[in-house]
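Reading through the structure tokens given below for one structure.
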There are 2 protein chains.
Amino acid sequence: MTKIENLPAVILVRPQMGENIGAAARAMGNFGLTDLRLVAPRDGWPNERAVDMASGAFEHMPAPRLYDDLGSALTDCHFAYATTARRRDMEKPSSDVRRACENAMMRIDQKQKVALVFGPERTGLENDDISLCDHLIHIPTNPDFSSLNLGQAVLLVLYEWSMQSNSEFQIPEHAHIPATHEEFENMMARLETELTTNNFFKSPEMRPTMMNNIRTMLLRAGFTDQETNTFHGIISALRGNKIKD
Amino acid sequence: MTKIENLPAVILVRPQMGENIGAAARAMGNFGLTDLRLVAPRDGWPNERAVDMASGAFEHMPAPRLYDDLGSALTDCHFAYATTARRRDMEKPSSDVRRACENAMMRIDQKQKVALVFGPERTGLENDDISLCDHLIHIPTNPDFSSLNLGQAVLLVLYEWSMQSNSEFQIPEHAHIPATHEEFENMMARLETELTTNNFFKSPEMRPTMMNNIRTMLLRAGFTDQETNTFHGIISALRGNKIKD
């Protein structure tokens, strides 16, 4: 992610509660963004409650820039995405968060400066603000219970942006290395011998089929070397080989 | 979303703050989930702060069910995803939220009951809890500033689940349905008893760790009902219970 120089700006328009500004900053920290812009925050700036809620995120970014109106905050931006809770009767392109973030990444690749714009808590963005933006973002929620606060909306949009931007924050899938088939088959041969000795197989004809079934279920686990040894130990223990210890 | 009948359970293990239980319920409301399970919530239940924070979400779902431990909460579940902040040295499948939710949707489509498990605020899930789960979920965040609270983690995971559930997904050719955790744990309890009788554990102190390792390797196989029975048969045979046949 550090490769991306023109990271998106996050613009909060007339935010009311300091807590939500702090939550937005915290979300930015989690997903590596640093360009926070505040348009006419109700309680002024700086705001103690914002700092409390940010869990230290403000120390990882330059001070937020303050603007009187959204137009001023957008001057250096090429493309602005407005997050809206309700559908608007506007002839603007709109999409869900995922598609909007795909679109944003394409623009960032083209060196465009992109802005993610969020409205005030109660009312959301006014039509005058929305008219300044290029694209509407919807967060798909349950129509019977749609209740995201400002901090939560920022969190979800930035998460999607981060997932699109690249996989640098992603922890690689756990490198789980199974034992070689030779080791696995040695274990299976041992098990087959012990099961045969103990009359596990109802008839000799059934034996290949049953062993295949057991192989299927154990192979699926992908035992590591160490786990193969553990399974040998389990066989020994169940056979009573350790009773004499 | 309404087409899916067996929606995932959300399990909060030893949650500390009522606010986070409320935030989790609110996230569930936003994404249409209703099966909330609480394992030993610190401040008991019901909790006023949870109700305040939920913004009415509890009115859209049955009362949360209470459990003493994670094992009890998982009995009817086929597959459990554990959300962890840190990397764990465990031989468990792990993936980011998106891939985990793709996997969960595939299972739900096969009528599996799936659980999304979240740990306590400060410490996260303990290893004993994680050992009961099938798969680890990571939320990819900035390694230099990773600061998601419990409510935010639930929100992101349920958002991804919701995005998956609304999108088209492929039906796998072979529906592999693991046994419920209750059946699996019965098998594990039997194995533990037999191994103890046969002095498998070098010392009583080692027993929980070794059992967790064995649980991890066998859980990964996702034994079906039939395969669980087969494993019971293997234990019996190795113990010599069939010698008299």
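Letters A, B, ... mark the chains of the structure tokens in the order given; residue numbers begin at 1 per chain; ligand numbers begin at 1, in order shown.
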
Give me, as a CSV table (one decimal) with N, CA, C and O atoms, in the first residue's frame, all polymer residues having an atom no more than 12 Å from Val114 (chain A), counting only C-alpha atoms and skipping those fewer than 2 positions away in the same chain.
chain,number,residue,atom,x,y,z
A,5,GLU,N,0.9,6.6,-3.9
A,5,GLU,CA,1.2,7.9,-3.3
A,5,GLU,C,0.0,8.7,-3.1
A,5,GLU,O,-0.1,9.5,-2.2
A,6,ASN,N,-0.9,8.7,-4.1
A,6,ASN,CA,-2.1,9.6,-4.0
A,6,ASN,C,-3.2,8.8,-3.3
A,6,ASN,O,-4.2,8.4,-4.0
A,7,LEU,N,-3.1,8.6,-2.0
A,7,LEU,CA,-4.1,7.9,-1.3
A,7,LEU,C,-5.4,8.7,-1.3
A,7,LEU,O,-5.3,10.0,-1.4
A,8,PRO,N,-6.5,8.1,-1.2
A,8,PRO,CA,-7.8,8.8,-1.1
A,8,PRO,C,-7.8,9.8,0.1
A,8,PRO,O,-7.3,9.5,1.1
A,9,ALA,N,-8.5,10.9,-0.1
A,9,ALA,CA,-8.8,11.8,1.0
A,9,ALA,C,-10.2,11.3,1.6
A,9,ALA,O,-11.0,10.8,0.8
A,10,VAL,N,-10.3,11.4,2.9
A,10,VAL,CA,-11.6,11.1,3.6
A,10,VAL,C,-12.1,12.5,4.0
A,10,VAL,O,-11.4,13.2,4.7
A,11,ILE,N,-13.3,12.8,3.5
A,11,ILE,CA,-13.9,14.1,3.8
A,11,ILE,C,-15.2,14.0,4.7
A,11,ILE,O,-16.1,13.3,4.2
A,35,ASP,N,-5.1,11.3,4.9
A,35,ASP,CA,-5.6,12.6,4.4
A,35,ASP,C,-7.0,12.8,4.9
A,35,ASP,O,-8.0,12.5,4.1
A,73,ALA,N,-13.0,21.8,-0.1
A,73,ALA,CA,-12.3,20.6,0.3
A,73,ALA,C,-11.9,19.7,-0.9
A,73,ALA,O,-11.0,18.9,-0.9
A,74,LEU,N,-12.7,19.9,-2.0
A,74,LEU,CA,-12.5,19.1,-3.2
A,74,LEU,C,-11.6,19.6,-4.2
A,74,LEU,O,-11.4,19.0,-5.3
A,75,THR,N,-11.1,20.9,-4.1
A,75,THR,CA,-10.5,21.5,-5.2
A,75,THR,C,-9.4,20.7,-5.9
A,75,THR,O,-9.3,20.7,-7.1
A,76,ASP,N,-8.6,20.0,-5.1
A,76,ASP,CA,-7.4,19.3,-5.7
A,76,ASP,C,-7.8,17.8,-6.1
A,76,ASP,O,-7.0,17.1,-6.6
A,77,CYS,N,-9.1,17.5,-5.9
A,77,CYS,CA,-9.5,16.1,-6.2
A,77,CYS,C,-10.1,16.0,-7.6
A,77,CYS,O,-10.7,16.9,-8.2
A,78,HIS,N,-9.8,14.8,-8.2
A,78,HIS,CA,-10.3,14.5,-9.6
A,78,HIS,C,-11.7,13.9,-9.5
A,78,HIS,O,-12.5,14.0,-10.5
A,79,PHE,N,-12.0,13.1,-8.5
A,79,PHE,CA,-13.2,12.3,-8.5
A,79,PHE,C,-13.6,12.2,-7.1
A,79,PHE,O,-12.8,11.8,-6.2
A,80,ALA,N,-14.9,12.4,-6.8
A,80,ALA,CA,-15.4,12.4,-5.4
A,80,ALA,C,-16.6,11.4,-5.4
A,80,ALA,O,-17.5,11.4,-6.2
A,81,TYR,N,-16.5,10.5,-4.4
A,81,TYR,CA,-17.6,9.5,-4.1
A,81,TYR,C,-18.3,9.9,-2.9
A,81,TYR,O,-17.7,10.1,-1.8
A,82,ALA,N,-19.6,10.1,-3.0
A,82,ALA,CA,-20.5,10.5,-1.9
A,82,ALA,C,-21.2,9.3,-1.3
A,82,ALA,O,-21.9,8.5,-2.0
A,100,ALA,N,-17.7,0.6,-6.2
A,100,ALA,CA,-17.2,2.0,-6.1
A,100,ALA,C,-15.7,2.0,-5.8
A,100,ALA,O,-14.9,2.7,-6.4
A,101,CYS,N,-15.3,1.1,-5.0
A,101,CYS,CA,-13.9,1.0,-4.6
A,101,CYS,C,-13.0,0.4,-5.8
A,101,CYS,O,-11.9,0.8,-6.0
A,103,ASN,N,-13.7,1.0,-8.8
A,103,ASN,CA,-13.6,2.2,-9.7
A,103,ASN,C,-12.6,3.2,-9.2
A,103,ASN,O,-11.8,3.7,-9.9
A,104,ALA,N,-12.6,3.4,-7.8
A,104,ALA,CA,-11.6,4.3,-7.2
A,104,ALA,C,-10.2,3.8,-7.5
A,104,ALA,O,-9.3,4.6,-7.8
A,105,MET,N,-10.0,2.5,-7.4
A,105,MET,CA,-8.6,2.0,-7.6
A,105,MET,C,-8.1,2.2,-9.0
A,105,MET,O,-7.0,2.5,-9.2
A,106,MET,N,-9.1,2.1,-9.9
A,106,MET,CA,-8.7,2.3,-11.3
A,106,MET,C,-8.3,3.8,-11.5
A,106,MET,O,-7.3,4.0,-12.2
A,107,ARG,N,-9.0,4.6,-10.9
A,107,ARG,CA,-8.7,6.1,-11.0
A,107,ARG,C,-7.3,6.4,-10.3
A,107,ARG,O,-6.5,7.2,-10.8
A,108,ILE,N,-7.1,5.8,-9.1
A,108,ILE,CA,-5.9,6.0,-8.4
A,108,ILE,C,-4.7,5.5,-9.3
A,108,ILE,O,-3.6,6.2,-9.3
A,109,ASP,N,-4.9,4.4,-9.9
A,109,ASP,CA,-3.8,3.9,-10.8
A,109,ASP,C,-3.5,4.9,-11.9
A,109,ASP,O,-2.4,5.0,-12.5
A,110,GLN,N,-4.5,5.7,-12.3
A,110,GLN,CA,-4.3,6.7,-13.3
A,110,GLN,C,-3.9,8.0,-12.7
A,110,GLN,O,-4.0,9.1,-13.4
A,111,LYS,N,-3.4,8.0,-11.5
A,111,LYS,CA,-2.9,9.2,-10.8
A,111,LYS,C,-4.0,10.2,-10.5
A,111,LYS,O,-3.7,11.4,-10.3
A,112,GLN,N,-5.2,9.8,-10.5
A,112,GLN,CA,-6.3,10.7,-10.1
A,112,GLN,C,-6.3,10.8,-8.5
A,112,GLN,O,-6.1,9.8,-7.8
A,116,LEU,N,-13.3,10.4,-0.7
A,116,LEU,CA,-14.5,9.6,-0.1
A,116,LEU,C,-15.2,10.6,0.8
A,116,LEU,O,-14.6,11.0,1.8
A,117,VAL,N,-16.5,10.9,0.5
A,117,VAL,CA,-17.2,12.0,1.2
A,117,VAL,C,-18.3,11.4,2.0
A,117,VAL,O,-19.1,10.6,1.5
A,133,CYS,N,-20.4,16.0,-6.1
A,133,CYS,CA,-19.7,14.7,-6.2
A,133,CYS,C,-20.0,14.0,-7.5
A,133,CYS,O,-21.0,14.2,-8.1
A,134,ASP,N,-19.1,13.1,-7.8
A,134,ASP,CA,-19.2,12.4,-9.1
A,134,ASP,C,-20.0,11.1,-9.1
A,134,ASP,O,-20.6,10.7,-10.1
A,135,HIS,N,-20.1,10.5,-7.9
A,135,HIS,CA,-20.5,9.1,-7.9
A,135,HIS,C,-21.1,8.8,-6.5
A,135,HIS,O,-20.6,9.3,-5.5
A,161,TRP,N,-12.0,-0.3,0.4
A,161,TRP,CA,-10.9,0.4,-0.4
A,161,TRP,C,-9.6,-0.4,-0.1
A,161,TRP,O,-8.8,-0.7,-1.1

List the neighbours of region 25-30 of chain B out to 8 Å using only C-alpha atoms; skip same-chain residues closer than 4 positions along the sequence, and give me the result as a PDB file with all heavy atoms, in the first residue's frame.
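After the write, out.pdb holds the following:
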ATOM      1  N   THR A 141     -27.398  -2.723   3.101  1.00  0.00           N
ATOM      2  CA  THR A 141     -27.804  -3.227   4.422  1.00  0.00           C
ATOM      3  C   THR A 141     -29.248  -3.713   4.334  1.00  0.00           C
ATOM      4  O   THR A 141     -29.955  -3.454   3.355  1.00  0.00           O
ATOM      5  CB  THR A 141     -27.717  -2.139   5.506  1.00  0.00           C
ATOM      6  OG1 THR A 141     -28.427  -0.981   5.059  1.00  0.00           O
ATOM      7  CG2 THR A 141     -26.277  -1.760   5.811  1.00  0.00           C
ATOM      8  N   ASN A 142     -29.633  -4.408   5.388  1.00  0.00           N
ATOM      9  CA  ASN A 142     -30.983  -4.949   5.534  1.00  0.00           C
ATOM     10  C   ASN A 142     -32.016  -3.815   5.439  1.00  0.00           C
ATOM     11  O   ASN A 142     -32.015  -2.917   6.268  1.00  0.00           O
ATOM     12  CB  ASN A 142     -31.045  -5.616   6.913  1.00  0.00           C
ATOM     13  CG  ASN A 142     -32.371  -6.245   7.222  1.00  0.00           C
ATOM     14  OD1 ASN A 142     -33.295  -6.197   6.416  1.00  0.00           O
ATOM     15  ND2 ASN A 142     -32.459  -6.844   8.400  1.00  0.00           N
ATOM     16  N   PHE A 145     -33.752  -3.103   8.679  1.00  0.00           N
ATOM     17  CA  PHE A 145     -33.009  -2.571   9.830  1.00  0.00           C
ATOM     18  C   PHE A 145     -31.692  -2.023   9.332  1.00  0.00           C
ATOM     19  O   PHE A 145     -30.676  -2.707   9.291  1.00  0.00           O
ATOM     20  CB  PHE A 145     -32.762  -3.647  10.889  1.00  0.00           C
ATOM     21  CG  PHE A 145     -32.039  -3.119  12.110  1.00  0.00           C
ATOM     22  CD1 PHE A 145     -32.757  -2.503  13.135  1.00  0.00           C
ATOM     23  CD2 PHE A 145     -30.664  -3.205  12.214  1.00  0.00           C
ATOM     24  CE1 PHE A 145     -32.099  -2.001  14.249  1.00  0.00           C
ATOM     25  CE2 PHE A 145     -30.000  -2.694  13.336  1.00  0.00           C
ATOM     26  CZ  PHE A 145     -30.720  -2.100  14.350  1.00  0.00           C
ATOM     27  N   SER A 146     -31.706  -0.790   8.916  1.00  0.00           N
ATOM     28  CA  SER A 146     -30.507  -0.174   8.382  1.00  0.00           C
ATOM     29  C   SER A 146     -30.070   0.887   9.370  1.00  0.00           C
ATOM     30  O   SER A 146     -30.744   1.893   9.554  1.00  0.00           O
ATOM     31  CB  SER A 146     -30.826   0.438   7.020  1.00  0.00           C
ATOM     32  OG  SER A 146     -29.661   0.905   6.414  1.00  0.00           O
ATOM     33  N   SER A 147     -28.968   0.660  10.042  1.00  0.00           N
ATOM     34  CA  SER A 147     -28.575   1.529  11.143  1.00  0.00           C
ATOM     35  C   SER A 147     -27.064   1.556  11.290  1.00  0.00           C
ATOM     36  O   SER A 147     -26.497   0.931  12.171  1.00  0.00           O
ATOM     37  CB  SER A 147     -29.237   1.013  12.438  1.00  0.00           C
ATOM     38  OG  SER A 147     -28.714   1.681  13.567  1.00  0.00           O
ATOM     39  N   LEU A 148     -26.413   2.264  10.376  1.00  0.00           N
ATOM     40  CA  LEU A 148     -24.959   2.432  10.472  1.00  0.00           C
ATOM     41  C   LEU A 148     -24.678   3.859  10.908  1.00  0.00           C
ATOM     42  O   LEU A 148     -25.228   4.799  10.334  1.00  0.00           O
ATOM     43  CB  LEU A 148     -24.304   2.209   9.105  1.00  0.00           C
ATOM     44  CG  LEU A 148     -24.281   0.789   8.548  1.00  0.00           C
ATOM     45  CD1 LEU A 148     -23.704   0.808   7.136  1.00  0.00           C
ATOM     46  CD2 LEU A 148     -23.469  -0.137   9.444  1.00  0.00           C
TER      47      LEU A 148
ATOM     48  N   ILE B  21     -21.517  -5.812  22.868  1.00  0.00           N
ATOM     49  CA  ILE B  21     -22.584  -6.776  22.568  1.00  0.00           C
ATOM     50  C   ILE B  21     -23.681  -6.066  21.771  1.00  0.00           C
ATOM     51  O   ILE B  21     -24.197  -6.587  20.776  1.00  0.00           O
ATOM     52  CB  ILE B  21     -23.159  -7.381  23.870  1.00  0.00           C
ATOM     53  CG1 ILE B  21     -22.042  -8.079  24.664  1.00  0.00           C
ATOM     54  CG2 ILE B  21     -24.294  -8.348  23.560  1.00  0.00           C
ATOM     55  CD1 ILE B  21     -22.476  -8.571  26.042  1.00  0.00           C
ATOM     56  N   THR B  34     -29.715 -13.165  12.989  1.00  0.00           N
ATOM     57  CA  THR B  34     -30.566 -13.140  14.184  1.00  0.00           C
ATOM     58  C   THR B  34     -30.132 -14.116  15.274  1.00  0.00           C
ATOM     59  O   THR B  34     -30.697 -14.105  16.355  1.00  0.00           O
ATOM     60  CB  THR B  34     -32.024 -13.495  13.810  1.00  0.00           C
ATOM     61  OG1 THR B  34     -32.037 -14.784  13.188  1.00  0.00           O
ATOM     62  CG2 THR B  34     -32.627 -12.471  12.861  1.00  0.00           C
ATOM     63  N   LEU B  36     -27.777 -14.860  17.865  1.00  0.00           N
ATOM     64  CA  LEU B  36     -26.678 -14.359  18.697  1.00  0.00           C
ATOM     65  C   LEU B  36     -26.514 -15.254  19.920  1.00  0.00           C
ATOM     66  O   LEU B  36     -27.492 -15.545  20.612  1.00  0.00           O
ATOM     67  CB  LEU B  36     -26.952 -12.911  19.127  1.00  0.00           C
ATOM     68  CG  LEU B  36     -25.937 -12.276  20.106  1.00  0.00           C
ATOM     69  CD1 LEU B  36     -24.521 -12.240  19.526  1.00  0.00           C
ATOM     70  CD2 LEU B  36     -26.379 -10.864  20.488  1.00  0.00           C
ATOM     71  N   MET B  53     -26.945   0.452  23.013  1.00  0.00           N
ATOM     72  CA  MET B  53     -26.032   0.536  21.867  1.00  0.00           C
ATOM     73  C   MET B  53     -26.616  -0.140  20.634  1.00  0.00           C
ATOM     74  O   MET B  53     -26.166   0.117  19.517  1.00  0.00           O
ATOM     75  CB  MET B  53     -24.709  -0.131  22.243  1.00  0.00           C
ATOM     76  CG  MET B  53     -23.584   0.134  21.278  1.00  0.00           C
ATOM     77  SD  MET B  53     -23.089   1.889  21.306  1.00  0.00           S
ATOM     78  CE  MET B  53     -21.754   1.852  20.088  1.00  0.00           C
ATOM     79  N   ALA B  54     -27.601  -1.009  20.823  1.00  0.00           N
ATOM     80  CA  ALA B  54     -28.078  -1.828  19.703  1.00  0.00           C
ATOM     81  C   ALA B  54     -29.027  -1.067  18.780  1.00  0.00           C
ATOM     82  O   ALA B  54     -29.358  -1.561  17.699  1.00  0.00           O
ATOM     83  CB  ALA B  54     -28.751  -3.087  20.223  1.00  0.00           C
ATOM     84  N   SER B  55     -29.453   0.118  19.189  1.00  0.00           N
ATOM     85  CA  SER B  55     -30.368   0.915  18.353  1.00  0.00           C
ATOM     86  C   SER B  55     -31.586   0.121  17.918  1.00  0.00           C
ATOM     87  O   SER B  55     -32.039   0.244  16.777  1.00  0.00           O
ATOM     88  CB  SER B  55     -29.640   1.435  17.108  1.00  0.00           C
ATOM     89  OG  SER B  55     -28.610   2.305  17.468  1.00  0.00           O
ATOM     90  N   GLY B  56     -32.105  -0.720  18.807  1.00  0.00           N
ATOM     91  CA  GLY B  56     -33.326  -1.456  18.499  1.00  0.00           C
ATOM     92  C   GLY B  56     -33.119  -2.796  17.817  1.00  0.00           C
ATOM     93  O   GLY B  56     -34.084  -3.488  17.509  1.00  0.00           O
ATOM     94  N   ALA B  57     -31.886  -3.165  17.598  1.00  0.00           N
ATOM     95  CA  ALA B  57     -31.635  -4.415  16.858  1.00  0.00           C
ATOM     96  C   ALA B  57     -32.183  -5.638  17.597  1.00  0.00           C
ATOM     97  O   ALA B  57     -32.624  -6.601  16.960  1.00  0.00           O
ATOM     98  CB  ALA B  57     -30.130  -4.591  16.614  1.00  0.00           C
ATOM     99  N   PHE B  58     -32.180  -5.606  18.931  1.00  0.00           N
ATOM    100  CA  PHE B  58     -32.661  -6.778  19.670  1.00  0.00           C
ATOM    101  C   PHE B  58     -34.136  -7.055  19.414  1.00  0.00           C
ATOM    102  O   PHE B  58     -34.599  -8.176  19.592  1.00  0.00           O
ATOM    103  CB  PHE B  58     -32.399  -6.614  21.173  1.00  0.00           C
ATOM    104  CG  PHE B  58     -30.956  -6.790  21.555  1.00  0.00           C
ATOM    105  CD1 PHE B  58     -30.221  -5.730  22.056  1.00  0.00           C
ATOM    106  CD2 PHE B  58     -30.330  -8.024  21.392  1.00  0.00           C
ATOM    107  CE1 PHE B  58     -28.888  -5.891  22.407  1.00  0.00           C
ATOM    108  CE2 PHE B  58     -28.993  -8.197  21.736  1.00  0.00           C
ATOM    109  CZ  PHE B  58     -28.271  -7.119  22.244  1.00  0.00           C
ATOM    110  N   HIS B  60     -35.434  -7.111  16.630  1.00  0.00           N
ATOM    111  CA  HIS B  60     -35.529  -7.809  15.342  1.00  0.00           C
ATOM    112  C   HIS B  60     -35.006  -9.241  15.421  1.00  0.00           C
ATOM    113  O   HIS B  60     -34.827  -9.881  14.397  1.00  0.00           O
ATOM    114  CB  HIS B  60     -34.750  -7.054  14.264  1.00  0.00           C
ATOM    115  CG  HIS B  60     -35.355  -5.724  13.908  1.00  0.00           C
ATOM    116  ND1 HIS B  60     -36.021  -5.502  12.733  1.00  0.00           N
ATOM    117  CD2 HIS B  60     -35.424  -4.565  14.603  1.00  0.00           C
ATOM    118  CE1 HIS B  60     -36.458  -4.258  12.697  1.00  0.00           C
ATOM    119  NE2 HIS B  60     -36.107  -3.668  13.822  1.00  0.00           N
ATOM    120  N   GLY B 151     -16.870  -4.622  18.358  1.00  0.00           N
ATOM    121  CA  GLY B 151     -18.023  -4.262  17.531  1.00  0.00           C
ATOM    122  C   GLY B 151     -17.617  -4.026  16.084  1.00  0.00           C
ATOM    123  O   GLY B 151     -18.338  -4.402  15.149  1.00  0.00           O
ATOM    124  N   VAL B 154     -16.888  -7.398  14.333  1.00  0.00           N
ATOM    125  CA  VAL B 154     -18.146  -8.066  13.963  1.00  0.00           C
ATOM    126  C   VAL B 154     -18.745  -7.391  12.730  1.00  0.00           C
ATOM    127  O   VAL B 154     -19.175  -8.061  11.788  1.00  0.00           O
ATOM    128  CB  VAL B 154     -19.142  -8.054  15.139  1.00  0.00           C
ATOM    129  CG1 VAL B 154     -20.503  -8.599  14.708  1.00  0.00           C
ATOM    130  CG2 VAL B 154     -18.596  -8.860  16.329  1.00  0.00           C
ATOM    131  N   LEU B 155     -18.739  -6.067  12.721  1.00  0.00           N
ATOM    132  CA  LEU B 155     -19.320  -5.328  11.591  1.00  0.00           C
ATOM    133  C   LEU B 155     -18.656  -5.719  10.273  1.00  0.00           C
ATOM    134  O   LEU B 155     -19.334  -6.004   9.274  1.00  0.00           O
ATOM    135  CB  LEU B 155     -19.167  -3.821  11.831  1.00  0.00           C
ATOM    136  CG  LEU B 155     -19.778  -2.910  10.763  1.00  0.00           C
ATOM    137  CD1 LEU B 155     -21.302  -2.901  10.870  1.00  0.00           C
ATOM    138  CD2 LEU B 155     -19.237  -1.482  10.886  1.00  0.00           C
ATOM    139  N   LEU B 158     -19.468  -9.408   9.256  1.00  0.00           N
ATOM    140  CA  LEU B 158     -20.852  -9.590   8.794  1.00  0.00           C
ATOM    141  C   LEU B 158     -21.107  -8.863   7.475  1.00  0.00           C
ATOM    142  O   LEU B 158     -21.890  -9.331   6.648  1.00  0.00           O
ATOM    143  CB  LEU B 158     -21.846  -9.116   9.863  1.00  0.00           C
ATOM    144  CG  LEU B 158     -21.775  -9.858  11.198  1.00  0.00           C
ATOM    145  CD1 LEU B 158     -23.028  -9.589  12.021  1.00  0.00           C
ATOM    146  CD2 LEU B 158     -21.564 -11.353  11.021  1.00  0.00           C
TER     147      LEU B 158
END

*Residue among B:Glu185, B:Asp129, B:Glu205, B:Asp144 lying closest to chain A, counting only C-alpha atoms*: B:Asp144

_Counting only C-alpha atoms, chain B residues within 6 Å of chain A, as a PyMOL selection string_ = chain B and resi 29-32+94-95+140-142+145-146+198+200+220-221+237-240+243

*Counting only C-alpha atoms, figure out which residue out of A:Ala50, A:Ala23, A:Leu150, A:Leu132 gets nearest to Ala85 (chain A).*
A:Leu150

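For region 90-167 of chain A, the set of residues given strand (DSSP E or B) by DSSP on the backbone reads Ser94, Ser95, Asp96, Val114, Ala115, Leu116, Val117, Phe118, His135, Leu136, Ile137 and His138 of chain A.
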
*With a distance cut-off of 9 Å and only C-alpha atoms, select the neighbouring residues of Met211 (chain A), excluding the residue or stretch itself and same-chain residues fewer than 4 positions from it, and output the selection as a ChimeraX atom specification.*
/A:188,192,206-207,215-216

Please produce a file of the residues just selected, as a PDB file, in the first residue's frame, where the atoms kept are N, CA, C and O atoms.
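Written file, out.pdb:
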ATOM      1  N   MET A 188      -0.366 -45.195   7.156  1.00  0.00           N
ATOM      2  CA  MET A 188      -1.549 -45.964   6.763  1.00  0.00           C
ATOM      3  C   MET A 188      -1.254 -47.471   6.791  1.00  0.00           C
ATOM      4  O   MET A 188      -2.098 -48.275   7.192  1.00  0.00           O
ATOM      5  N   GLU A 192      -3.219 -50.158   8.927  1.00  0.00           N
ATOM      6  CA  GLU A 192      -3.869 -51.317   8.302  1.00  0.00           C
ATOM      7  C   GLU A 192      -3.441 -52.622   8.981  1.00  0.00           C
ATOM      8  O   GLU A 192      -4.266 -53.501   9.250  1.00  0.00           O
ATOM      9  N   MET A 206     -13.784 -56.764   2.059  1.00  0.00           N
ATOM     10  CA  MET A 206     -14.148 -55.404   2.432  1.00  0.00           C
ATOM     11  C   MET A 206     -12.921 -54.529   2.712  1.00  0.00           C
ATOM     12  O   MET A 206     -13.010 -53.303   2.725  1.00  0.00           O
ATOM     13  N   ARG A 207     -11.807 -55.195   2.948  1.00  0.00           N
ATOM     14  CA  ARG A 207     -10.646 -54.461   3.444  1.00  0.00           C
ATOM     15  C   ARG A 207     -10.183 -53.326   2.528  1.00  0.00           C
ATOM     16  O   ARG A 207      -9.996 -52.196   3.001  1.00  0.00           O
ATOM     17  N   ARG A 215      -8.393 -43.840   4.371  1.00  0.00           N
ATOM     18  CA  ARG A 215      -7.373 -42.992   3.735  1.00  0.00           C
ATOM     19  C   ARG A 215      -7.980 -41.654   3.341  1.00  0.00           C
ATOM     20  O   ARG A 215      -7.390 -40.599   3.565  1.00  0.00           O
ATOM     21  N   THR A 216      -9.160 -41.672   2.750  1.00  0.00           N
ATOM     22  CA  THR A 216      -9.809 -40.435   2.310  1.00  0.00           C
ATOM     23  C   THR A 216     -10.013 -39.476   3.473  1.00  0.00           C
ATOM     24  O   THR A 216      -9.718 -38.288   3.387  1.00  0.00           O
TER      25      THR A 216
END

*Neighbours of Asp52 (chain A) within 9 Å (only C-alpha atoms; same-chain residues fewer than 4 positions away dropped), as number ranges by chain?*
A: 18-19, 22, 47-48, 56

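All residues of protein, DNA or RNA that reach within 7 Å of Thr83 (chain A), judged by only C-alpha atoms and not counting those fewer than 4 positions away in the chain, are Val117, Phe118, Leu136, Ile137 and His138 of chain A.
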
*Go through A:Arg49, A:Pro204, A:Glu121, A:Val13 one by one, measure the shortest atom-to-atom distance of each to Ala153 (chain A) using only C-alpha atoms, and give the residue with the smallest value.*
A:Glu121

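One distance worth recording is that between CA of Glu183 (chain A) and CA of Pro93 (chain B), which is 21.3 Å.
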
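Pairwise distance (CA of Pro178 (chain A), CA of Val157 (chain B)) equals 29.1 Å.
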
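With only C-alpha atoms taken into account, the protein and nucleic acid residues at most 9 Å from Asp128 (chain B) (excluding it and anything under 6 positions from it in its own chain) are Pro208, Thr209 and Asn212 of chain B.
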
Save the residues we just selected, N, CA, C and O atoms, as an mmCIF file, in the first residue's frame?
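As written to disk, again_6.cif reads:
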data_model
loop_
_atom_site.group_PDB
_atom_site.id
_atom_site.type_symbol
_atom_site.label_atom_id
_atom_site.label_comp_id
_atom_site.auth_asym_id
_atom_site.auth_seq_id
_atom_site.Cartn_x
_atom_site.Cartn_y
_atom_site.Cartn_z
ATOM 1 N N PRO B 208 -3.721 -31.270 28.287
ATOM 2 C CA PRO B 208 -4.562 -30.320 27.528
ATOM 3 C C PRO B 208 -3.909 -29.875 26.223
ATOM 4 O O PRO B 208 -4.568 -29.810 25.176
ATOM 5 N N THR B 209 -2.608 -29.601 26.266
ATOM 6 C CA THR B 209 -1.929 -29.153 25.047
ATOM 7 C C THR B 209 -1.930 -30.248 23.987
ATOM 8 O O THR B 209 -2.218 -29.994 22.811
ATOM 9 N N ASN B 212 -5.284 -30.610 22.517
ATOM 10 C CA ASN B 212 -5.576 -29.520 21.568
ATOM 11 C C ASN B 212 -4.900 -29.776 20.227
ATOM 12 O O ASN B 212 -5.482 -29.527 19.165
#

*Could you tell me, as a PyMOL selection string, which residues of region 15-158 of chain A DSSP assigns to helix (DSSP H, G or I) when given the backbone?*
chain A and resi 18-30+48-53+57-60+70-73+97-109+127-132+150-158

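In this structure, CA of His232 (chain B) sits 24.5 Å away from CA of His181 (chain A).
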